[in-house]
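Shown here: model35.pdb, PDB, C-alpha atoms and all ligand atoms.
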```pdb
ATOM      1  CA  MET X 264       0.000   0.000   0.000
ATOM      2  CA  PRO X 265       1.975   3.032  -1.174
ATOM      3  CA  ARG X 266       2.009   6.205   0.916
ATOM      4  CA  LEU X 267       2.251   9.148  -1.461
ATOM      5  CA  VAL X 268       2.622  12.862  -0.877
ATOM      6  CA  VAL X 269       0.728  14.630  -3.637
ATOM      7  CA  ASN X 270       0.426  18.402  -3.780
ATOM      8  CA  GLY X 271       1.462  18.535  -0.125
ATOM      9  CA  LYS X 272      -1.113  16.013   1.132
ATOM     10  CA  THR X 273      -0.335  12.469   2.270
ATOM     11  CA  HIS X 274      -2.394   9.623   0.817
ATOM     12  CA  ASP X 275      -2.272   5.963   1.852
ATOM     13  CA  VAL X 276      -3.560   4.362  -1.302
ATOM     14  CA  ASP X 277      -5.085   0.940  -1.697
ATOM     15  CA  ALA X 278      -3.208  -0.138  -4.807
ATOM     16  CA  ASP X 279      -0.616  -2.650  -5.878
ATOM     17  CA  PRO X 280       2.751  -0.893  -5.403
ATOM     18  CA  ASN X 281       3.622  -1.641  -9.020
ATOM     19  CA  THR X 282       0.584   0.188 -10.362
ATOM     20  CA  PRO X 283       1.734   3.076 -12.559
ATOM     21  CA  LEU X 284       1.586   6.345 -10.651
ATOM     22  CA  LEU X 285      -0.732   7.787 -13.322
ATOM     23  CA  TRP X 286      -3.528   5.384 -12.407
ATOM     24  CA  VAL X 287      -3.073   5.872  -8.683
ATOM     25  CA  LEU X 288      -3.319   9.628  -9.139
ATOM     26  CA  ARG X 289      -6.409   9.394 -11.320
ATOM     27  CA  GLU X 290      -8.322   6.468  -9.839
ATOM     28  CA  GLN X 291      -7.304   6.251  -6.198
ATOM     29  CA  ILE X 292      -6.662   9.916  -5.434
ATOM     30  CA  GLY X 293      -9.100  11.416  -7.929
ATOM     31  CA  LEU X 294      -6.725  13.886  -9.575
ATOM     32  CA  THR X 295      -7.823  13.536 -13.180
ATOM     33  CA  GLY X 296      -5.908  16.511 -14.573
ATOM     34  CA  THR X 297      -3.042  14.148 -15.412
ATOM     35  CA  LYS X 298      -3.917  12.416 -18.672
ATOM     36  CA  TYR X 299      -3.359   9.048 -20.286
ATOM     37  CA  GLY X 300      -2.086   9.175 -23.840
ATOM     38  CA  CYS X 301       0.182   6.316 -24.845
ATOM     39  CA  GLY X 302       1.056   4.458 -21.654
ATOM     40  CA  ILE X 303       4.632   3.872 -22.831
ATOM     41  CA  ALA X 304       6.449   7.103 -21.853
ATOM     42  CA  GLN X 305       6.297   8.533 -25.371
ATOM     43  CA  CYS X 306       3.696  11.310 -25.462
ATOM     44  CA  GLY X 307       4.103  13.195 -22.170
ATOM     45  CA  ALA X 308       0.368  13.622 -21.480
ATOM     46  CA  CYS X 309       0.906  12.052 -18.056
ATOM     47  CA  THR X 310       3.764  14.326 -16.951
ATOM     48  CA  VAL X 311       3.938  15.253 -13.262
ATOM     49  CA  HIS X 312       6.744  16.525 -11.057
ATOM     50  CA  ILE X 313       8.634  14.269  -8.691
ATOM     51  CA  ASP X 314      10.798  16.404  -6.412
ATOM     52  CA  GLY X 315      10.501  19.129  -9.050
ATOM     53  CA  ALA X 316      11.599  17.086 -12.056
ATOM     54  CA  ALA X 317       9.290  16.161 -14.934
ATOM     55  CA  VAL X 318       8.382  12.463 -14.899
ATOM     56  CA  ARG X 319       6.051  10.478 -17.160
ATOM     57  CA  SER X 320       3.775   8.951 -14.584
ATOM     58  CA  CYS X 321       2.394   6.201 -16.854
ATOM     59  CA  SER X 322       5.741   4.454 -16.634
ATOM     60  CA  LEU X 323       6.644   4.943 -12.972
ATOM     61  CA  PRO X 324       5.500   2.337 -10.430
ATOM     62  CA  ALA X 325       3.730   4.137  -7.596
ATOM     63  CA  ASN X 326       6.066   2.697  -4.970
ATOM     64  CA  GLU X 327       9.014   4.463  -6.618
ATOM     65  CA  ALA X 328       7.355   7.796  -5.826
ATOM     66  CA  GLN X 329       7.113   7.084  -2.108
ATOM     67  CA  GLY X 330       8.968   9.542   0.120
ATOM     68  CA  LYS X 331       9.063  12.128  -2.657
ATOM     69  CA  GLN X 332       7.095  15.281  -3.365
ATOM     70  CA  ILE X 333       4.667  14.632  -6.194
ATOM     71  CA  THR X 334       3.089  17.640  -7.878
ATOM     72  CA  THR X 335       0.276  17.414 -10.396
ATOM     73  CA  ILE X 336      -1.319  20.130 -12.490
ATOM     74  CA  GLU X 337      -3.837  20.623  -9.681
ATOM     75  CA  GLY X 338      -0.985  21.662  -7.369
ATOM     76  CA  LEU X 339       0.936  23.927  -9.718
ATOM     77  CA  ALA X 340      -0.818  27.173  -8.785
ATOM     78  CA  GLN X 341       0.175  28.391  -5.348
ATOM     79  CA  ASN X 342      -2.270  30.106  -2.971
ATOM     80  CA  GLY X 343      -4.662  30.769  -5.821
ATOM     81  CA  VAL X 344      -1.970  32.355  -8.006
ATOM     82  CA  LEU X 345      -1.354  30.679 -11.349
ATOM     83  CA  HIS X 346       2.166  29.553 -12.198
ATOM     84  CA  PRO X 347       3.846  31.846 -14.784
ATOM     85  CA  VAL X 348       3.564  29.045 -17.347
ATOM     86  CA  GLN X 349      -0.187  28.787 -16.781
ATOM     87  CA  LYS X 350      -0.515  32.562 -17.166
ATOM     88  CA  ALA X 351       1.495  32.557 -20.396
ATOM     89  CA  TRP X 352      -0.614  29.669 -21.713
ATOM     90  CA  LEU X 353      -3.776  31.695 -21.169
ATOM     91  CA  GLU X 354      -2.304  34.857 -22.677
ATOM     92  CA  HIS X 355      -1.121  33.015 -25.780
ATOM     93  CA  ASP X 356      -4.243  30.839 -26.190
ATOM     94  CA  VAL X 357      -2.028  27.758 -26.365
ATOM     95  CA  PRO X 358      -4.548  24.952 -25.780
ATOM     96  CA  GLN X 359      -6.643  23.701 -28.655
ATOM     97  CA  CYS X 360      -8.412  20.471 -27.640
ATOM     98  CA  GLY X 361      -6.425  20.701 -24.398
ATOM     99  CA  TYR X 362      -5.802  17.004 -23.935
ATOM    100  CA  CYS X 363      -2.004  17.173 -23.960
ATOM    101  CA  GLN X 364      -1.747  20.508 -22.215
ATOM    102  CA  THR X 365      -1.519  19.572 -18.561
ATOM    103  CA  GLY X 366       1.447  17.354 -19.338
ATOM    104  CA  MET X 367       2.934  20.028 -21.556
ATOM    105  CA  ILE X 368       2.600  22.690 -18.849
ATOM    106  CA  MET X 369       4.167  20.432 -16.225
ATOM    107  CA  ALA X 370       7.076  19.629 -18.533
ATOM    108  CA  VAL X 371       7.628  23.314 -19.281
ATOM    109  CA  ALA X 372       7.406  24.329 -15.618
ATOM    110  CA  ALA X 373      10.119  21.783 -14.774
ATOM    111  CA  LEU X 374      12.279  23.019 -17.642
ATOM    112  CA  LEU X 375      12.061  26.618 -16.409
ATOM    113  CA  THR X 376      13.055  25.572 -12.896
ATOM    114  CA  GLU X 377      16.163  23.987 -14.339
ATOM    115  CA  LYS X 378      16.803  26.569 -17.063
ATOM    116  CA  PRO X 379      15.057  29.899 -16.435
ATOM    117  CA  LYS X 380      15.928  31.223 -19.930
ATOM    118  CA  PRO X 381      15.836  28.275 -22.318
ATOM    119  CA  THR X 382      16.818  28.684 -25.943
ATOM    120  CA  ASP X 383      14.708  27.312 -28.780
ATOM    121  CA  ALA X 384      17.159  24.414 -28.967
ATOM    122  CA  ASP X 385      16.689  23.738 -25.228
ATOM    123  CA  ILE X 386      12.934  23.785 -25.711
ATOM    124  CA  ASP X 387      13.024  21.476 -28.700
ATOM    125  CA  SER X 388      15.290  18.954 -26.995
ATOM    126  CA  THR X 389      13.430  18.955 -23.667
ATOM    127  CA  ILE X 390       9.767  19.454 -24.509
ATOM    128  CA  THR X 391       9.189  16.279 -26.460
ATOM    129  CA  ASN X 392       5.519  16.068 -25.509
ATOM    130  CA  ILE X 393       3.246  15.202 -28.410
ATOM    131  CA  CYS X 394       0.393  17.545 -29.328
ATOM    132  CA  ARG X 395      -1.958  16.219 -31.970
ATOM    133  CA  CYS X 396      -3.428  19.695 -32.435
ATOM    134  CA  GLY X 397      -0.021  21.054 -33.431
ATOM    135  CA  THR X 398       0.315  23.827 -30.851
ATOM    136  CA  PHE X 399       4.111  23.758 -30.941
ATOM    137  CA  GLN X 400       4.593  27.319 -32.251
ATOM    138  CA  GLN X 401       2.308  28.744 -29.574
ATOM    139  CA  VAL X 402       4.045  26.601 -26.965
ATOM    140  CA  ARG X 403       7.410  28.038 -27.871
ATOM    141  CA  ALA X 404       6.105  31.619 -27.864
ATOM    142  CA  ALA X 405       4.398  31.114 -24.521
ATOM    143  CA  ILE X 406       7.555  29.640 -22.985
ATOM    144  CA  HIS X 407       9.529  32.729 -23.976
ATOM    145  CA  ALA X 408       6.742  34.935 -22.595
ATOM    146  CA  ALA X 409       6.771  33.028 -19.307
ATOM    147  CA  THR X 410      10.493  33.598 -18.927
ATOM    148  CA  SER X 411      10.169  37.336 -19.316
ATOM    149  CA  SER X 412       7.394  37.782 -16.733
TER     150      SER X 412
HETATM  151  S1  LIG G 501       0.722   8.483 -21.300
HETATM  152 FE1  LIG G 501       2.619   8.659 -20.334
HETATM  153  S2  LIG G 501       3.955   9.335 -21.870
HETATM  154 FE2  LIG G 501       2.097   8.961 -22.912
HETATM  155  S1  LIG G 502      -3.975  20.759 -27.626
HETATM  156 FE1  LIG G 502      -4.919  19.024 -28.540
HETATM  157  S2  LIG G 502      -3.466  17.422 -28.367
HETATM  158 FE2  LIG G 502      -2.439  19.203 -27.727
END
```
Render the structure in this file as structure tokens.
Amino acid sequence: MPRLVVNGKTHDVDADPNTPLLWVLREQIGLTGTKYGCGIAQCGACTVHIDGAAVRSCSLPANEAQGKQITTIEGLAQNGVLHPVQKAWLEHDVPQCGYCQTGMIMAVAALLTEKPKPTDADIDSTITNICRCGTFQQVRAAIHAATSS
């Protein structure tokens, strides 16, 4: 029975420890902002933060996240204030269907923690999330806007 700290709250979850973290977040804890896309660590729809780093939760057994700080899209805003990436996403109308966007935002937020002023090359090599709506140009523009706010 994994004990997980998600968005600052501790949850003792009734799940096999090898269950992918994605499903524990969605089905046991009820945080459905994290999405299922491919299930094989390719698309990034399921991206969350583990101790601040972007991780594809579909491919991480829940027990490997024990003792770490897990942050989902629901925990990205702090005290009712949107994260700069969320603000830039709104200002640049990035989402189209929206399905990939929570994972995209989490991946970008982790990138900016590591590299506050990423180049286009940094963005292209790090943000490998797949967007079927083709929002990549808006994503890049919004990332640069987020770094200047
Ligand atoms: S659902 Fe996890 S990377 Fe696609
Ligand atoms: S906004 Fe539709 S898949 Fe990315």
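Computed from the coordinates, the CA of Gln329 in chain X to CA of Asn392 in chain X distance equals 25.1 Å.
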Within 10 Å of ligand LIG 502 (chain G) (all atoms listed in the file), residues as an MDAnalysis selection string: chainID X and resid 300 306 308 357:367 392:399 402
Could I get the residues of chain X with an atom no further than 8 Å from an atom of ligand LIG 501 (chain G), each paired with its nearest atom pair and that distance in Å to one decimal, using all atoms listed in the file, sorted by chain and residue number, as CSV?
```
residue,atom,partner,partner_atom,distance
X:Leu285,CA,G:LIG501,FE1,7.8
X:Lys298,CA,G:LIG501,S1,6.6
X:Tyr299,CA,G:LIG501,S1,4.2
X:Gly300,CA,G:LIG501,S1,3.8
X:Cys301,CA,G:LIG501,FE2,3.8
X:Gly302,CA,G:LIG501,S1,4.1
X:Ile303,CA,G:LIG501,S2,5.6
X:Ala304,CA,G:LIG501,S2,3.3
X:Gln305,CA,G:LIG501,S2,4.3
X:Cys306,CA,G:LIG501,FE2,3.8
X:Gly307,CA,G:LIG501,S2,3.9
X:Ala308,CA,G:LIG501,S1,5.2
X:Cys309,CA,G:LIG501,FE1,4.4
X:Thr310,CA,G:LIG501,FE1,6.7
X:Arg319,CA,G:LIG501,FE1,5.0
X:Ser320,CA,G:LIG501,FE1,5.9
X:Cys321,CA,G:LIG501,FE1,4.3
X:Ser322,CA,G:LIG501,FE1,6.4
X:Asn392,CA,G:LIG501,S2,7.8
```
Residue nearest Thr334 in chain X among X:Val276, X:Val268, X:Leu374, X:Ala384 (counting only C-alpha atoms):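 Among the listed residues, X:Val268 lies closest to Thr334 in chain X.
Of the residues under consideration (X:Gly315, X:Gly271, X:Gly338, X:Pro324), X:Gly315 shows the shortest atom-to-atom contact distance to Leu375 in chain X when counting only C-alpha atoms.
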